Amino acid sequence: MGEFKRNILVTGGAGFIGSHVVRLFVTKYPDYRIINFDALTYAGNLENLKDVENCPNYVFVKGDICDHALVSGIFSEYQVDGVIHLAAESHVDRSIEDPFTFARTNVMGTLALLHAARSTWAGKQSCRFYHVSTDEVYGALEMDGTFFTEDTRYDPHSPYSASKASSDHFVRAFHDTYGLPTVISNCSNNYGPYQFPEKLIPLFINNIRLGKPLPVYGKGENVRDWLYVEDHARAIDLIFHEGKDGETYNIGGFNEWRNIDLIKVMIEAADRLLGNPPGHSLGLITYVKDRAGHDLRYAIDSRKLHEELGWEPSLQFEEGIEKTIRWYLDNQEWMDRVTGGEYADYYDKMYKNR
Ligand code: NAD
Ligand code: TYD
């Protein structure tokens, strides 16, 4: 047990961002033990980690972060001294349908982890609880060139962002009340390989491949700030090791796109890679009923992370999106497997009335 320099519990490691974080830590830090703790909900998929599953410093534990006994058992069994907490319900549309699940996992689950860390770490040095959050807690911006900074007041609108905001507040409360060594980051929209195809980019790439309609909410004028997932994972590594206790860091690539413009870029690249004539899939664009409470614009000011810790994104968007589209087209079996079963029911329910 004492053979590892650190024992880091990564929650939600079988999900989209979590799998990139686990891969980075397992390969970059062979002297750390990485314990991937994940309930394997519809969004969790161990296939995302096939390339590292046999590494000697990797352990997978299936379980629910809301299970207090299991969580505290893991802290003692593996002598956990660091947590990178990503497990969450993460999709806004699902939160509109079922807010309770979001409160349970995102709020109560985070609280269970905080409680276990506090109980186990009393009097110990060099521990860290890293909570991975989202820019959506800050609310929505107008089309006025302003940005979310670390000091922007919380103003969540969706059940998803309300649950993440609440979890952020609990993390800060544990720092301020009990002195738990915590750090938080709030990141913009991620894209890249292994994202579950309920989210805009993989959903649209898959539909272009299959010649299915591309359901654009409202007028397609909402703006999101997109970051390549491996750049997020690198930021998490840096903040985990060098961030200051009690601090918050915004992560984003200064890369804003109106949905409709982004969709046209995806169509151009996907048609080219599929060998279709230019403009072939433009006719798939279908304007559908808007999402309820749809936040107009997100844009992150990540200068603090750049100035204090030297982080910057490694990929230009054009390069990142091309790489991403190629990955989904080259990994159609992964896509076909994750879109089987429950996903088909979700798709019918979500899109039939839009
Ligand atoms: P995801 O939905 O792809 O993965 C979530 C993972 O958490 C899945 O593996 C799932 O099985 C697991 N999980 C869910 N409920 C659980 C529970 N009760 N117990 C244990 N495991 C559980 O999500 P993602 O997009 O990878 O997001 C990861 C984190 O990053 C989330 O906290 C999210 O709020 C945050 N975030 C995401 C984005 C983004 O663009 N995707 C941006 C900023 C922040
Ligand atoms: P999404 O990937 O769900 O991320 P978030 O809502 O957390 O930003 O959606 C990104 C944007 O794309 C958002 O403005 C909603 C829009 N969108 C569509 O227009 N159609 C879709 O089918 C989906 C899933 C999203």
# chains A, B, ... in the order shown; residues from 1 in each chain; ligands from 1
$ select_by_dssp --residues "stretch 29-173 of chain A" --states "strand (DSSP E or B)" --output "list of chain:residue names"
A:Tyr32, A:Arg33, A:Ile34, A:Ile35, A:Asn36, A:Phe37, A:Asp38, A:Tyr58, A:Val59, A:Phe60, A:Val61, A:Lys62, A:Gly82, A:Val83, A:Ile84, A:His85, A:Arg128, A:Phe129, A:Tyr130, A:His131, A:Val132, A:Ser133, A:Thr134, A:Phe148
$ select_by_dssp --residues "stretch 9-117 of chain A" --states "alpha helix (DSSP H)" --output "PyMOL selection string"
chain A and resi 16-28+68-77+92-97+99-102+110-117
$ residues_around --residues "A:Trp226" --least-positions-apart "4" --cutoff "6 Å" --atoms "only C-alpha atoms" --output "list in words"
Asn189, Asn190 and Asn255 of chain A
$ closest_atom_pairs --of "chain A" --to "ligand 2" --cutoff "9 Å" --atoms "only C-alpha atoms and all ligand atoms" --output "tab-separated table"
residue	atom	partner	partner_atom_place_in_ligand_line	distance
A:Ser90	CA	ligand 2	7 (O)	7.7
A:His91	CA	ligand 2	3 (O)	6.0
A:Val92	CA	ligand 2	6 (O)	5.6
A:Asp93	CA	ligand 2	3 (O)	6.8
A:Thr134	CA	ligand 2	7 (O)	8.8
A:Glu136	CA	ligand 2	7 (O)	7.4
A:Tyr160	CA	ligand 2	7 (O)	8.6
A:Ser161	CA	ligand 2	7 (O)	8.8
A:Ser188	CA	ligand 2	8 (O)	8.3
A:Asn189	CA	ligand 2	8 (O)	6.0
A:Asn190	CA	ligand 2	2 (O)	8.5
A:Tyr191	CA	ligand 2	2 (O)	8.7
A:Pro197	CA	ligand 2	24 (C)	8.2
A:Glu198	CA	ligand 2	24 (C)	5.6
A:Lys199	CA	ligand 2	2 (O)	3.7
A:Leu200	CA	ligand 2	2 (O)	3.9
A:Ile201	CA	ligand 2	2 (O)	6.5
A:Pro202	CA	ligand 2	2 (O)	8.5
A:Leu203	CA	ligand 2	24 (C)	6.8
A:Phe204	CA	ligand 2	22 (O)	7.5
A:Leu214	CA	ligand 2	22 (O)	7.1
A:Pro215	CA	ligand 2	22 (O)	5.0
A:Val216	CA	ligand 2	19 (O)	3.7
A:Tyr217	CA	ligand 2	19 (O)	3.8
A:Gly218	CA	ligand 2	19 (O)	7.1
A:Lys219	CA	ligand 2	19 (O)	8.3
A:Gly220	CA	ligand 2	19 (O)	6.0
A:Glu221	CA	ligand 2	14 (O)	8.0
A:Asn222	CA	ligand 2	14 (O)	5.1
A:Val223	CA	ligand 2	14 (O)	6.4
A:Arg224	CA	ligand 2	8 (O)	6.2
A:Asp225	CA	ligand 2	8 (O)	8.6
A:Arg258	CA	ligand 2	14 (O)	8.3
A:Asn259	CA	ligand 2	12 (O)	5.9
A:Ile260	CA	ligand 2	19 (O)	8.1
A:Tyr287	CA	ligand 2	19 (O)	8.2
A:Val288	CA	ligand 2	19 (O)	8.1
A:Asp290	CA	ligand 2	19 (O)	7.8
A:Arg291	CA	ligand 2	15 (C)	7.2
A:His294	CA	ligand 2	14 (O)	6.9
A:Asp295	CA	ligand 2	14 (O)	7.0
A:Leu296	CA	ligand 2	14 (O)	7.3
A:Arg297	CA	ligand 2	14 (O)	7.9
A:Tyr298	CA	ligand 2	8 (O)	8.0
A:Met350	CA	ligand 2	22 (O)	8.8
A:Tyr351	CA	ligand 2	22 (O)	7.9
$ residues_around --residues "A:Glu89" --least-positions-apart "5" --cutoff "9 Å" --atoms "only C-alpha atoms" --output "ChimeraX atom specification"
/A:43,94-95,101-103,105-106,160
$ write_last_selection --atoms "N, CA, C and O atoms" --output "short mmCIF file (atom, residue, chain, number, x, y, z; two decimals), in the first residue's frame"
data_model
loop_
_atom_site.label_atom_id
_atom_site.label_comp_id
_atom_site.auth_asym_id
_atom_site.auth_seq_id
_atom_site.Cartn_x
_atom_site.Cartn_y
_atom_site.Cartn_z
N ALA A 43 -23.70 7.47 -19.09
CA ALA A 43 -22.61 8.29 -19.63
C ALA A 43 -21.22 7.70 -19.37
O ALA A 43 -20.23 8.15 -19.94
N ARG A 94 -31.23 16.83 -20.05
CA ARG A 94 -31.71 15.81 -19.09
C ARG A 94 -32.11 16.46 -17.78
O ARG A 94 -33.03 16.02 -17.10
N SER A 95 -31.39 17.52 -17.38
CA SER A 95 -31.71 18.17 -16.10
C SER A 95 -33.07 18.84 -16.15
O SER A 95 -33.74 18.97 -15.12
N THR A 101 -32.48 13.92 -10.05
CA THR A 101 -31.25 13.13 -10.22
C THR A 101 -30.03 14.04 -10.17
O THR A 101 -28.96 13.66 -9.67
N PHE A 102 -30.18 15.24 -10.68
CA PHE A 102 -29.05 16.18 -10.69
C PHE A 102 -28.73 16.67 -9.27
O PHE A 102 -27.57 16.79 -8.89
N ALA A 103 -29.79 16.94 -8.49
CA ALA A 103 -29.55 17.37 -7.11
C ALA A 103 -28.90 16.23 -6.32
O ALA A 103 -27.97 16.44 -5.54
N THR A 105 -27.03 13.49 -7.38
CA THR A 105 -25.63 13.19 -7.70
C THR A 105 -24.73 14.41 -7.50
O THR A 105 -23.70 14.34 -6.82
N ASN A 106 -25.13 15.54 -8.06
CA ASN A 106 -24.21 16.68 -8.09
C ASN A 106 -24.08 17.36 -6.72
O ASN A 106 -22.99 17.82 -6.38
N TYR A 160 -29.27 21.83 -14.13
CA TYR A 160 -27.87 21.37 -14.14
C TYR A 160 -26.97 22.42 -13.50
O TYR A 160 -26.22 22.12 -12.56
#
$ atom_distance --atom1 "atom CA of A:Asn331" --atom2 "atom CA of A:Tyr194"
9.5 Å
$ closest_residue --among "A:Thr177, A:Ser185, A:Thr152, A:Thr146" --to "ligand 1" --atoms "only C-alpha atoms and all ligand atoms"
A:Ser185
